[in-house]
file data_0.cif (mmCIF, C-alpha atoms)
data_final
loop_
_atom_site.label_atom_id
_atom_site.label_comp_id
_atom_site.auth_asym_id
_atom_site.auth_seq_id
_atom_site.Cartn_x
_atom_site.Cartn_y
_atom_site.Cartn_z
CA MET A 176 -40.97 31.88 199.52
CA PRO A 177 -40.67 28.28 198.23
CA GLU A 178 -40.01 28.29 194.49
CA LEU A 179 -40.49 25.76 191.72
CA PRO A 180 -37.66 23.35 192.67
CA ASP A 181 -38.70 23.42 196.33
CA LEU A 182 -42.31 22.66 195.47
CA GLN A 183 -41.25 19.91 193.07
CA ALA A 184 -39.30 18.29 195.90
CA PHE A 185 -42.18 18.71 198.37
CA SER A 186 -44.68 17.18 195.95
CA HIS A 187 -42.36 14.24 195.26
CA ASN A 188 -42.12 13.40 198.96
CA LEU A 189 -45.77 14.04 199.77
CA GLN A 190 -46.83 11.81 196.88
CA LYS A 191 -44.55 9.08 198.18
CA THR A 192 -45.94 9.38 201.72
CA LEU A 193 -49.63 10.13 201.22
CA ALA A 194 -50.80 8.52 197.97
CA GLY A 195 -53.58 6.01 198.55
CA LYS A 196 -54.64 7.33 201.95
CA THR A 197 -58.29 8.22 202.57
CA ILE A 198 -59.46 11.50 204.09
CA LYS A 199 -61.22 11.02 207.43
CA LYS A 200 -61.88 14.71 208.06
CA ILE A 201 -60.72 18.20 207.16
CA GLU A 202 -60.21 20.93 209.75
CA VAL A 203 -59.61 24.58 208.84
CA PRO A 204 -58.51 26.59 211.91
CA ASN A 205 -57.96 29.65 209.70
CA ALA A 206 -60.57 29.78 206.94
CA LYS A 207 -60.31 33.43 205.90
CA LYS A 208 -58.62 32.55 202.58
CA LEU A 209 -60.72 29.46 201.81
CA ASN A 210 -63.04 29.79 198.79
CA VAL A 211 -65.75 27.54 200.25
CA THR A 212 -67.03 26.95 203.77
CA THR A 213 -65.18 24.55 206.03
CA ALA A 214 -68.29 22.36 206.17
CA GLU A 215 -68.47 22.20 202.35
CA LEU A 216 -64.80 21.33 202.07
CA ASP A 217 -65.07 18.59 204.67
CA GLU A 218 -68.22 17.15 203.09
CA ILE A 219 -66.69 17.08 199.60
CA LEU A 220 -63.30 15.61 200.49
CA SER A 221 -64.09 13.27 203.40
CA GLY A 222 -64.05 9.65 202.26
CA GLN A 223 -62.04 10.41 199.14
CA LYS A 224 -58.71 8.75 198.49
CA LEU A 225 -55.68 10.92 197.84
CA GLU A 226 -54.46 10.06 194.34
CA LYS A 227 -51.74 12.53 193.50
CA VAL A 228 -49.71 15.46 194.84
CA TYR A 229 -48.17 17.68 192.18
CA ARG A 230 -46.95 21.22 191.60
CA GLU A 231 -48.93 23.69 189.54
CA GLY A 232 -47.04 26.97 189.06
CA LYS A 233 -46.24 28.17 192.58
CA GLU A 234 -48.89 25.99 194.20
CA LEU A 235 -49.14 22.42 195.38
CA HIS A 236 -52.21 20.57 194.14
CA ILE A 237 -53.68 17.49 195.82
CA LYS A 238 -55.96 15.45 193.59
CA PHE A 239 -58.56 13.09 195.06
CA SER A 240 -60.36 10.01 193.78
CA LYS A 241 -63.52 11.81 192.63
CA GLY A 242 -61.52 14.37 190.68
CA ASP A 243 -61.62 17.18 193.24
CA VAL A 244 -58.40 19.14 193.74
CA LEU A 245 -57.20 21.01 196.82
CA GLY A 246 -54.74 23.77 195.91
CA LEU A 247 -52.27 25.00 198.53
CA HIS A 248 -50.41 28.28 198.00
CA LEU A 249 -47.72 28.60 200.66
CA MET A 250 -47.19 32.32 200.02
CA LEU A 251 -44.10 33.72 201.82
CA HIS A 252 -43.96 31.66 205.01
CA GLY A 253 -46.32 28.71 204.65
CA LYS A 254 -44.94 25.36 205.81
CA LEU A 255 -46.17 21.79 205.57
CA PHE A 256 -45.81 19.24 208.36
CA LEU A 257 -46.82 15.61 208.76
CA PHE A 258 -48.30 14.57 212.11
CA HIS A 259 -49.78 11.55 213.85
CA ALA A 260 -53.23 11.59 215.51
CA LYS A 261 -53.10 15.22 216.70
CA ASN A 262 -51.57 18.28 215.10
CA GLU A 263 -49.29 20.08 217.58
CA ASN A 264 -48.01 22.72 215.14
CA LYS A 265 -48.84 26.38 215.68
CA TYR A 266 -50.47 28.75 213.20
CA SER A 267 -52.44 26.04 211.39
CA ILE A 268 -54.31 27.03 208.25
CA ILE A 269 -55.73 23.66 207.20
CA GLU A 270 -55.39 20.09 208.50
CA LEU A 271 -55.94 16.90 206.48
CA HIS A 272 -56.68 13.90 208.72
CA PHE A 273 -56.41 10.44 207.16
CA ASP A 274 -58.09 7.21 208.20
CA ASP A 275 -54.81 5.71 209.47
CA ASP A 276 -54.49 8.57 212.04
CA SER A 277 -51.76 10.31 210.04
CA GLY A 278 -52.18 13.89 208.93
CA LEU A 279 -50.84 16.84 206.94
CA VAL A 280 -51.04 20.45 208.08
CA LEU A 281 -50.30 23.75 206.34
CA THR A 282 -49.13 26.45 208.75
CA ASP A 283 -48.35 30.15 208.33
CA PHE A 284 -47.57 32.57 211.16
CA GLN A 285 -48.73 35.41 208.89
CA GLY A 286 -52.02 33.63 208.23
CA ILE A 287 -51.99 34.24 204.47
CA ALA A 288 -51.17 30.79 203.03
CA THR A 289 -54.16 29.90 200.89
CA PRO A 290 -56.13 26.66 200.46
CA THR A 291 -58.48 26.56 197.46
CA LEU A 292 -60.94 23.85 196.47
CA ASN A 293 -60.89 23.13 192.73
CA PRO A 294 -58.75 26.13 191.68
CA ASP A 295 -59.26 27.53 188.19
CA LYS A 296 -56.99 26.14 185.50
CA LYS A 297 -54.53 28.62 184.01
CA ASP A 298 -53.45 28.78 180.37
CA ILE A 299 -50.14 30.52 181.15
CA PRO A 300 -47.16 28.20 180.46
CA ASP A 301 -45.25 26.66 183.30
CA ALA A 302 -41.53 27.45 183.47
CA LEU A 303 -40.69 23.83 182.65
CA ASP A 304 -42.86 23.97 179.51
CA VAL A 305 -42.05 27.41 178.10
CA ASP A 306 -40.60 27.50 174.57
CA VAL A 307 -38.63 29.99 172.50
CA GLU A 308 -41.50 31.06 170.24
CA TYR A 309 -43.74 31.90 173.17
CA LEU A 310 -41.00 33.83 174.95
CA LYS A 311 -39.98 35.71 171.79
CA LYS A 312 -43.57 36.75 171.07
CA ARG A 313 -44.28 37.68 174.68
CA LEU A 314 -41.10 39.69 175.24
CA ALA A 315 -41.64 41.69 172.06
CA LYS A 316 -44.55 43.35 173.85
CA THR A 317 -42.64 44.65 176.86
CA LYS A 318 -39.76 46.94 177.73
CA THR A 319 -39.68 45.71 181.31
CA ASN A 320 -36.37 44.35 182.56
CA ILE A 321 -35.96 40.62 182.04
CA LYS A 322 -35.92 39.68 185.71
CA THR A 323 -39.30 41.31 186.26
CA VAL A 324 -40.65 39.32 183.30
CA LEU A 325 -39.36 36.03 184.70
CA LEU A 326 -41.07 36.79 188.01
CA ASP A 327 -44.41 37.70 186.43
CA GLN A 328 -46.74 34.74 187.03
CA LYS A 329 -49.01 36.06 184.26
CA ILE A 330 -46.19 35.41 181.77
CA ILE A 331 -44.36 32.35 183.11
CA ARG A 332 -45.50 30.36 186.14
CA GLY A 333 -43.19 29.02 188.83
CA ILE A 334 -40.06 31.19 188.92
CA GLY A 335 -39.31 33.29 192.00
CA ASN A 336 -36.66 35.79 193.00
CA ALA A 337 -33.78 33.44 193.82
CA TYR A 338 -34.08 31.29 190.71
CA ALA A 339 -34.58 34.26 188.40
CA ASP A 340 -31.14 35.43 189.51
CA GLU A 341 -29.67 31.95 189.15
CA ILE A 342 -31.10 31.45 185.65
CA LEU A 343 -29.91 34.83 184.39
CA TRP A 344 -26.44 34.31 185.85
CA HIS A 345 -26.27 30.90 184.18
CA VAL A 346 -27.05 32.37 180.74
CA ARG A 347 -24.95 35.51 181.40
CA ILE A 348 -27.79 38.02 180.88
CA SER A 349 -27.97 41.02 183.19
CA PRO A 350 -31.20 41.08 185.20
CA PHE A 351 -31.57 44.73 184.15
CA SER A 352 -31.60 43.97 180.42
CA VAL A 353 -34.57 45.37 178.51
CA SER A 354 -36.73 42.37 177.58
CA ASN A 355 -37.39 43.25 173.95
CA LYS A 356 -33.70 44.00 173.30
CA ILE A 357 -32.47 40.49 174.04
CA PRO A 358 -31.39 38.72 170.79
CA GLU A 359 -33.22 35.58 169.71
CA ALA A 360 -30.06 33.50 170.09
CA LYS A 361 -29.88 34.54 173.74
CA LEU A 362 -33.56 33.77 174.22
CA LYS A 363 -32.89 30.22 173.05
CA GLU A 364 -30.13 29.94 175.63
CA LEU A 365 -32.46 31.42 178.24
CA VAL A 366 -35.15 28.79 177.64
CA ILE A 367 -32.56 26.02 177.99
CA ALA A 368 -31.23 27.64 181.17
CA ILE A 369 -34.71 27.98 182.72
CA LYS A 370 -35.39 24.26 182.42
CA GLY A 371 -31.87 23.11 183.22
CA VAL A 372 -31.34 25.26 186.29
CA LEU A 373 -34.74 24.41 187.78
CA LYS A 374 -34.44 20.66 187.20
CA ASP A 375 -30.87 20.53 188.51
CA ALA A 376 -31.94 22.48 191.60
CA GLU A 377 -34.72 20.00 192.37
CA GLN A 378 -32.20 17.15 192.24
CA SER A 379 -29.75 19.06 194.47
CA ILE A 380 -32.50 19.67 197.05
CA LEU A 381 -33.61 16.04 197.10
CA LYS A 382 -30.02 14.81 197.29
CA SER A 383 -29.20 16.88 200.37
CA ASN A 384 -32.68 16.71 201.94
CA PRO A 385 -34.31 13.49 200.72
CA ASP A 386 -37.46 13.79 202.87
CA ILE A 387 -38.01 17.56 202.61
CA ILE A 388 -41.59 18.94 202.66
CA ASN A 389 -40.90 22.48 203.89
CA GLY A 390 -38.23 25.16 203.95
CA GLU A 391 -35.87 26.52 201.31
CA VAL A 392 -32.48 25.01 200.45
CA ARG A 393 -30.19 27.58 198.85
CA ASP A 394 -26.64 26.60 199.85
CA PHE A 395 -25.84 25.02 196.46
CA MET A 396 -26.75 28.12 194.46
CA ASN A 397 -24.02 29.90 192.49
CA ILE A 398 -25.18 33.51 192.64
CA HIS A 399 -28.28 34.03 194.82
CA ASN A 400 -26.52 32.90 197.97
CA SER A 401 -26.07 35.17 200.97
CA LYS A 402 -23.03 33.16 202.10
CA LYS A 403 -21.08 33.81 198.91
CA LYS A 404 -19.28 37.02 197.96
CA HIS A 405 -17.92 35.49 194.75
CA SER A 406 -19.63 33.38 192.10
CA PRO A 407 -17.64 31.07 189.81
CA THR A 408 -17.48 33.96 187.30
CA GLY A 409 -16.79 36.96 189.51
CA ALA A 410 -17.70 39.07 192.51
CA VAL A 411 -21.37 39.06 193.51
CA ILE A 412 -23.17 42.40 193.33
CA ILE A 413 -26.34 42.81 195.39
CA VAL A 414 -28.95 45.44 194.60
CA ASN A 415 -31.77 46.13 197.06
CA ASP A 416 -35.07 47.61 196.07
CA SER A 417 -38.32 47.93 198.01
CA SER A 418 -39.43 44.34 197.56
CA ARG A 419 -36.45 42.12 196.78
CA LYS A 420 -32.70 41.64 196.43
CA THR A 421 -31.07 41.02 193.06
CA TYR A 422 -27.79 39.12 192.86
CA TYR A 423 -25.65 39.34 189.72
CA THR A 424 -22.10 39.83 188.40
CA GLU A 425 -20.47 42.31 186.03
CA GLU A 426 -19.88 39.49 183.54
CA GLN A 427 -23.60 39.32 182.75
CA GLU A 428 -24.33 41.13 179.50
CA LEU A 429 -26.65 44.13 179.58
CA PHE A 430 -29.01 44.50 176.61
CA GLU A 431 -30.59 47.95 176.40
#
call {"tool": "encode", "arguments": {"input": "data_0.cif", "output": "structure tokens"}}
result
Amino acid sequence: MPELPDLQAFSHNLQKTLAGKTIKKIEVPNAKKLNVTTAELDEILSGQKLEKVYREGKELHIKFSKGDVLGLHLMLHGKLFLFHAKNENKYSIIELHFDDDSGLVLTDFQGIATPTLNPDKKDIPDALDVDVEYLKKRLAKTKTNIKTVLLDQKIIRGIGNAYADEILWHVRISPFSVSNKIPEAKLKELVIAIKGVLKDAEQSILKSNPDIINGEVRDFMNIHNSKKKHSPTGAVIIVNDSSRKTYYTEEQELFE
């Protein structure tokens, strides 16, 4: 699943390519996840100019000239592609056709990537905006392990499995640490690591893949990297559970 740095990179490149273009028509080959009818969506967005593409949590948001926003949640396997005149990509969910015959399509072979017109605003802090006081107050209420907390989009928006591992390795906290047992000094380091790791990752992705709008780049990662058996601080340990893999090292401190 694309995570915050991936989506930041996608939005950067889509903004650069699509800003200022006017929607000619919208087609929705797979409308089962759409919150309005295809006809309503087309009527509302056709003729509007695309103003901005940005990330919101784990979604991409496309803002148009009349203030309407199209949210795109890529889920596990959603991919974005640019096309000219006719979309030739398989498994299309939604197609945006512009008046210069260019287009953008969201695909998903599982059919679960989700387009939403004017998604509700959320008051949960984004990972790039979270502060120590919020985290301290929120973690005091839970005994869940810290990795699970970082992945919970109802607590912090934007972090996924790979970057939770990378952040915790960076700050040397075991992913299995009990959330409310982590000292305040470590929480301060954690907040710094969240922002630093995610921003650095975005720059690494754009440096190696300057035009990227789909896929996941992971080869620069220190710990959550299937090609590495050793991190810069020690051997990589991988734990499998029913839904995900956790990568960590023995050097990460366990608070319990």
call {"tool": "atom_distance", "arguments": {"input": "data_0.cif", "atom1": "CA of Val353 in chain A", "atom2": "CA of Lys318 in chain A"}}
result
5.5 Å
call {"tool": "closest_atom_pairs", "arguments": {"input": "data_0.cif", "of": "range 297-370 of chain A", "to": "range 246-262 of chain A", "cutoff": "12 Å", "atoms": "only C-alpha atoms", "output": "tab-separated table"}}
result
residue	atom	partner	partner_atom	distance
A:Gly333	CA	A:His248	CA	11.7
A:Gly335	CA	A:Leu251	CA	10.9
A:Asn336	CA	A:Leu251	CA	11.7
call {"tool": "resolve_selection", "arguments": {"input": "data_0.cif", "expression": "the PyMOL selection byres ((chain A and resi 307-314) around 12)", "output": "PyMOL selection string"}}
result
chain A and resi 299-302+304-306+315-325+327+329-331+352-370
call {"tool": "resolve_selection", "arguments": {"input": "data_0.cif", "expression": "the PyMOL selection byres ((chain A and resi 233) around 8)", "output": "list in words"}}
result
Pro177, Glu178, Leu179, Leu182, Arg230, Glu231, Gly232, Glu234, Leu235, His248, Arg332, Gly333 and Ile334 of chain A
call {"tool": "residues_around", "arguments": {"input": "data_0.cif", "residues": "Ser221 in chain A", "least_positions_apart": "4", "cutoff": "12 Å", "atoms": "only C-alpha atoms", "output": "ChimeraX atom specification"}}
result
/A:196-202,213-217,225,239-241,243,271-274
call {"tool": "write_last_selection", "arguments": {"input": "data_0.cif", "atoms": "C-alpha atoms", "output": "short mmCIF file (atom, residue, chain, number, x, y, z; two decimals), keeping the file's coordinate frame"}}
result
data_model
loop_
_atom_site.label_atom_id
_atom_site.label_comp_id
_atom_site.auth_asym_id
_atom_site.auth_seq_id
_atom_site.Cartn_x
_atom_site.Cartn_y
_atom_site.Cartn_z
CA LYS A 196 -54.64 7.33 201.95
CA THR A 197 -58.29 8.22 202.57
CA ILE A 198 -59.46 11.50 204.09
CA LYS A 199 -61.22 11.02 207.43
CA LYS A 200 -61.88 14.71 208.06
CA ILE A 201 -60.72 18.20 207.16
CA GLU A 202 -60.21 20.93 209.75
CA THR A 213 -65.18 24.55 206.03
CA ALA A 214 -68.29 22.36 206.17
CA GLU A 215 -68.47 22.20 202.35
CA LEU A 216 -64.80 21.33 202.07
CA ASP A 217 -65.07 18.59 204.67
CA LEU A 225 -55.68 10.92 197.84
CA PHE A 239 -58.56 13.09 195.06
CA SER A 240 -60.36 10.01 193.78
CA LYS A 241 -63.52 11.81 192.63
CA ASP A 243 -61.62 17.18 193.24
CA LEU A 271 -55.94 16.90 206.48
CA HIS A 272 -56.68 13.90 208.72
CA PHE A 273 -56.41 10.44 207.16
CA ASP A 274 -58.09 7.21 208.20
#
call {"tool": "residues_near_point", "arguments": {"input": "data_0.cif", "point": "(-21.3, 37.3, 183.1)", "cutoff": "8 Å", "atoms": "only C-alpha atoms", "output": "list in words"}}
result
Trp344, Val346, Arg347, Ile348, Ser349, Thr408, Gly409, Thr424, Glu425, Glu426, Gln427 and Glu428 of chain A
call {"tool": "resolve_selection", "arguments": {"input": "data_0.cif", "expression": "the PyMOL selection byres ((chain A and resi 194) around 9)", "output": "VMD selection string"}}
result
chain A and resid 189 to 193 195 to 197 224 to 228
call {"tool": "closest_residue", "arguments": {"input": "data_0.cif", "among": "A:Glu218, A:Lys265, A:Leu343, A:Lys404", "to": "Gly371 in chain A", "atoms": "only C-alpha atoms"}}
result
A:Leu343
call {"tool": "axis_aligned_box", "arguments": {"input": "data_0.cif", "around": "range 222-233 of chain A", "padding_each_side": "8 Å", "output": "lines of an AutoDock Vina configuration file"}}
result
center_x = -55.1
center_y = 18.5
center_z = 195.7
size_x = 33.8
size_y = 35.4
size_z = 29.2
call {"tool": "residues_around", "arguments": {"input": "data_0.cif", "residues": "Pro204 in chain A", "least_positions_apart": "4", "cutoff": "9 Å", "atoms": "all atoms listed in the file", "output": "list in words"}}
result
Tyr266, Ser267, Ile268, Ile269 and Glu270 of chain A
call {"tool": "atom_distance", "arguments": {"input": "data_0.cif", "atom1": "CA of Glu377 in chain A", "atom2": "CA of Gln183 in chain A"}}
result
6.6 Å
call {"tool": "atom_distance", "arguments": {"input": "data_0.cif", "atom1": "CA of Asn205 in chain A", "atom2": "CA of Gly222 in chain A"}}
result
22.2 Å
call {"tool": "residues_around", "arguments": {"input": "data_0.cif", "residues": "range 384-395 of chain A", "least_positions_apart": "2", "cutoff": "7 Å", "atoms": "only C-alpha atoms", "output": "PDB file with C-alpha atoms, in the coordinates of the input"}}
result
ATOM      1  CA  PRO A 177     -40.670  28.280 198.230  1.00  0.00           C
ATOM      2  CA  ASP A 181     -38.700  23.420 196.330  1.00  0.00           C
ATOM      3  CA  ALA A 184     -39.300  18.290 195.900  1.00  0.00           C
ATOM      4  CA  PHE A 185     -42.180  18.710 198.370  1.00  0.00           C
ATOM      5  CA  ASN A 188     -42.120  13.400 198.960  1.00  0.00           C
ATOM      6  CA  LYS A 254     -44.940  25.360 205.810  1.00  0.00           C
ATOM      7  CA  LEU A 255     -46.170  21.790 205.570  1.00  0.00           C
ATOM      8  CA  ILE A 380     -32.500  19.670 197.050  1.00  0.00           C
ATOM      9  CA  LEU A 381     -33.610  16.040 197.100  1.00  0.00           C
ATOM     10  CA  LYS A 382     -30.020  14.810 197.290  1.00  0.00           C
ATOM     11  CA  ASN A 397     -24.020  29.900 192.490  1.00  0.00           C
ATOM     12  CA  ASN A 400     -26.520  32.900 197.970  1.00  0.00           C
TER      13      ASN A 400
END
call {"tool": "closest_residue", "arguments": {"input": "data_0.cif", "among": "A:Leu279, A:Met396, A:Leu303, A:Leu220", "to": "Ala337 in chain A", "atoms": "all atoms listed in the file"}}
result
A:Met396
call {"tool": "closest_residue", "arguments": {"input": "data_0.cif", "among": "A:Ser186, A:Leu326, A:Glu341, A:Thr421", "to": "His236 in chain A", "atoms": "all atoms listed in the file"}}
result
A:Ser186
call {"tool": "closest_residue", "arguments": {"input": "data_0.cif", "among": "A:His399, A:Thr289, A:Ser418, A:Leu373", "to": "Lys207 in chain A", "atoms": "only C-alpha atoms"}}
result
A:Thr289
call {"tool": "closest_residue", "arguments": {"input": "data_0.cif", "among": "A:Ser417, A:Ile342, A:Ser379, A:Lys208", "to": "Ala288 in chain A", "atoms": "only C-alpha atoms"}}
result
A:Lys208
call {"tool": "decode", "arguments": {"input": "data_0.cif", "residues": "range 357-390 of chain A", "atoms": "C-alpha atoms", "output": "short mmCIF file (atom, residue, chain, number, x, y, z; two decimals), in the first residue's frame"}}
result
data_model
loop_
_atom_site.label_atom_id
_atom_site.label_comp_id
_atom_site.auth_asym_id
_atom_site.auth_seq_id
_atom_site.Cartn_x
_atom_site.Cartn_y
_atom_site.Cartn_z
CA ILE A 357 7.33 5.01 26.77
CA PRO A 358 9.07 7.91 28.62
CA GLU A 359 8.28 11.48 27.61
CA ALA A 360 11.87 12.06 26.48
CA LYS A 361 11.52 9.17 24.04
CA LEU A 362 8.18 10.50 22.83
CA LYS A 363 9.90 13.76 21.93
CA GLU A 364 12.45 11.81 19.93
CA LEU A 365 9.63 9.83 18.32
CA VAL A 366 7.84 12.96 17.10
CA ILE A 367 11.08 14.25 15.57
CA ALA A 368 11.69 10.86 13.95
CA ILE A 369 8.17 10.68 12.49
CA LYS A 370 8.59 13.96 10.63
CA GLY A 371 12.23 13.47 9.71
CA VAL A 372 11.93 9.93 8.39
CA LEU A 373 8.82 10.70 6.32
CA LYS A 374 10.20 13.90 4.79
CA ASP A 375 13.57 12.31 4.00
CA ALA A 376 11.80 9.36 2.40
CA GLU A 377 9.79 11.63 0.10
CA GLN A 378 13.02 13.27 -1.08
CA SER A 379 14.67 9.87 -1.63
CA ILE A 380 11.71 8.71 -3.73
CA LEU A 381 11.67 11.84 -5.88
CA LYS A 382 15.44 11.73 -6.32
CA SER A 383 15.44 8.17 -7.66
CA ASN A 384 12.06 8.38 -9.43
CA PRO A 385 11.49 12.04 -10.35
CA ASP A 386 8.25 11.46 -12.30
CA ILE A 387 6.67 8.78 -10.08
CA ILE A 388 2.85 8.63 -9.75
CA ASN A 389 2.43 4.97 -8.76
CA GLY A 390 4.23 2.11 -7.06
#
